[in-house]
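Quick notes on the structure that follows.
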Amino acid sequence: MSDSRPIGIFDSGLGGLTVAKEIFRIMPREKILYLGDTARFPYGGRSPETIGTFAEQIARFLIPRDIKLLIVACNTASSVGLERVQKINHSMPVIGVVLPGAKASVMRTAEKKIGIIGTKATINAGAYTRAIADIDASIKTYGKPCPLFAPLVEEGLFDSDIARLVAQRYLYPLVDIGIDCLVLGCTHYPLLYEVIQETVGASIQLIDSALWTAKEAQDILLALDVLAPGSESEGIANSAFYATDLSPDFEKSAELFMGKKIPEVEMISLDELVACVKE
Ligand code: DGL
């Protein structure tokens with residue numbers, strides 16, 4: 001059986017388009033319904049309560065829109081608010097980016113020493129550490145918040161001396177500990193892939209949570225027999241994109257994360273999102 005309903009995806013901003021990009025790469029027929037909370041970006045320095053509330057508002061906006069799977073593409077919202085989203089009464093599967101990234105890192109570590117980088121909220125929440133320990137309690141994890149990475153990417157400075165300096169400061173301590181695997185636990189970090197790899201050296205494997213989340217979504221849709229019908233590339237053209245703010249740089253940033261232009265974006269007011277929880 002095929003199912004033409006879209007996949008719902010949300011993020012604190014446009015970084016979640018790195019997950020959307022992987023979805024379209026491996027499942028070009030799938031349509032998505034994406035919401036980027038650009039008005040309230042970034043989430044990474046906020047309290048767990050606030051992040052959880054934002055995540056619930058967005059999930060309650062997307063769930064009634066006839067989606068077949070919901071992906072919390074934001075590492076910060078996945079680390080802090082996934083359970084809150086999963087508790088909302090609905091019948092569809094809901095996944096975050098933490099478990100797919102954690103599983104991939106466990107499969108790849110030989111030394112049983114995994115580094116995790118993300119926002120302050122992601123690292124403080126310890127969700128990656130718990131997910132890895134649940135799979136193999138003998139693995140040691142080392143979390144490092146990297147709050148300057150996302151702004152560097154937002155400013156287009158991913159291939160720059162300043163990015164290299166910041167990467168060295170954040171990552172050398174992890175290299176010294178002897179990790180052999182590093183989880184990129186933020187939507188923005190795939191854009192710093194080269195700088196991060198160059199800094200930690202070729203012997204440390206980088207785990208891109210966006211890629212593994214897209215694969216997990218594919219496995220779920222296959223298992224439920226609800227993959228999209230249709231011709232090869234219609235997915236992106238028939239997708240819908242929402243944002244809570246459209247800054248002058250919006251189109252450029254979206255193209256950066258997606259690797260191509262996205263179709264027209266509709267603005268959703270914060271009032272509308274907030275009302276989704278009150279209803
Ligand atoms: N999407 C966010 C994440 O993956 C980007 C950073 C932020 O909002 O602070 O954590």
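Following the order of the structure tokens, first chain is A, next is B, and so on, with residues numbered from 1 inside each chain and ligands from 1 in the order they appear.
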Legend entry - Residue neighbourhood range 105-121 of chain A, 8 Å, only C-alpha atoms, exclusion window fewer than 2 positions, as a ChimeraX atom specification: /A:43-48,75-76,79-80,101-103,123-125,128,132,135-136,138-147,174,178-186,205,207
Can you pull out every residue within 8 Å of Val195 in chain A, counting only C-alpha atoms, but drop anything in the same chain fewer than 4 positions away, and send it as a short mmCIF file (atom, residue, chain, number, x, y, z; two decimals) with N, CA and C atoms, in the first residue's frame?
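Saved as out_24.cif:
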data_model
loop_
_atom_site.label_atom_id
_atom_site.label_comp_id
_atom_site.auth_asym_id
_atom_site.auth_seq_id
_atom_site.Cartn_x
_atom_site.Cartn_y
_atom_site.Cartn_z
N PHE A 158 31.43 28.74 7.72
CA PHE A 158 31.80 27.37 8.03
C PHE A 158 33.18 26.98 7.50
N ASP A 159 33.66 27.66 6.47
CA ASP A 159 35.01 27.35 6.01
C ASP A 159 35.88 28.59 6.26
N ALA A 163 36.28 29.60 12.34
CA ALA A 163 35.64 28.30 12.61
C ALA A 163 36.69 27.28 13.04
N ARG A 164 37.85 27.31 12.39
CA ARG A 164 38.92 26.36 12.75
C ARG A 164 39.41 26.59 14.19
N ALA A 167 36.76 25.42 16.57
CA ALA A 167 36.72 23.95 16.56
C ALA A 167 37.87 23.38 17.39
N THR A 199 39.91 19.00 12.14
CA THR A 199 40.37 19.30 13.51
C THR A 199 40.60 18.03 14.32
#
Inset, instruction - Show which residues sit within 10 Å of Glu216 in chain A, as a list of chain:residue names. Count only C-alpha atoms, and ignore same-chain residues fewer than 3 positions away. - result: A:Ile23, A:Ile95, A:Gly96, A:Val97, A:Leu99, A:Pro100, A:Gly101, A:Ala210, A:Leu211, A:Trp212, A:Thr213, A:Asp219, A:Ile220, A:Leu221, A:Leu222
Legend entry - Test item: residues at most 7 Å from Leu17 in chain A, only C-alpha atoms, excluding those fewer than 4 positions along its chain, as a VMD selection string: chain A and resid 21 257 to 258
Inset, instruction - Skip range 267-272 of chain A itself and residues of its chain fewer than 6 positions away, then list as a list in words all residues within 6 Å of it, counting only C-alpha atoms. - result: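 Close residues of range 267-272 of chain A: Tyr242, Ala243 and Thr244 of chain A.
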Legend entry - For Ser78 in chain A, the nearest of the candidates A:Glu22, A:Glu49, A:Asp134, A:Asp11, counting only C-alpha atoms: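 Among the listed residues, A:Asp11 lies closest to Ser78 in chain A.
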Inset, instruction - Mind giving me the straight-line distance from CA of Arg29 in chain A to CA of Glu234 in chain A in Å, one decimal? - result: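 Between CA of Arg29 in chain A and CA of Glu234 in chain A the gap works out to 5.7 Å.
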Inset, instruction - Write out as an MDAnalysis selection string the residues lying within 8 Å of Phe24 in chain A, counting only C-alpha atoms and excluding same-chain residues fewer than 4 positions away. - result: chainID A and resid 20 28:30 235:236
Write the residues you've just listed into a file as a CSV table (one decimal), in the first residue's frame, and include N, CA and C atoms for each of them.
chain,number,residue,atom,x,y,z
A,20,ALA,N,15.6,17.2,6.2
A,20,ALA,CA,14.8,17.2,5.0
A,20,ALA,C,15.6,16.8,3.8
A,28,PRO,N,13.0,10.4,-2.6
A,28,PRO,CA,12.6,11.6,-3.4
A,28,PRO,C,11.1,11.7,-3.6
A,29,ARG,N,10.4,10.6,-3.4
A,29,ARG,CA,8.9,10.8,-3.7
A,29,ARG,C,8.2,11.3,-2.5
A,30,GLU,N,8.8,11.3,-1.3
A,30,GLU,CA,8.1,11.7,-0.1
A,30,GLU,C,7.9,13.2,-0.1
A,235,GLY,N,8.4,14.9,-4.8
A,235,GLY,CA,8.3,15.1,-3.3
A,235,GLY,C,8.5,16.6,-3.0
A,236,ILE,N,9.7,17.1,-3.3
A,236,ILE,CA,10.0,18.5,-2.8
A,236,ILE,C,9.1,19.5,-3.4
Legend entry - Neighbour list for Gly81 in chain A as number ranges by chain, cut-off 7 Å, only C-alpha atoms, skip fewer than 2 positions in-chain: A: 51-52, 55, 77-79, 83-85
Inset, instruction - Record the distance separating CA of Val274 in chain A and atom 8 (O, counted along the ligand's line) of ligand 1, expressed in Å with one decimal. - result: 18.4 Å
Legend entry - Point-to-point distance from CA of Arg25 in chain A to CA of Lys68 in chain A, Å rounded to tenths: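 Between CA of Arg25 in chain A and CA of Lys68 in chain A the gap works out to 18.8 Å.
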Legend entry - Which residue of A:Ala39, A:Cys276, A:Leu191, A:Ile177 approaches Thr53 in chain A most closely, using only C-alpha atoms: A:Cys276
Inset, instruction - Can you check which residues of range 114-212 of chain A DSSP gives as strand (DSSP E) on the backbone and send them as a count of residues only? - result: 20
Inset, instruction - Could you check which of A:Val277, A:Leu157, A:Ala59, A:Ile262 is closest to Leu82 in chain A, using only C-alpha atoms? - result: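 Nearest candidate to Leu82 in chain A out of A:Val277, A:Leu157, A:Ala59, A:Ile262: A:Ala59.
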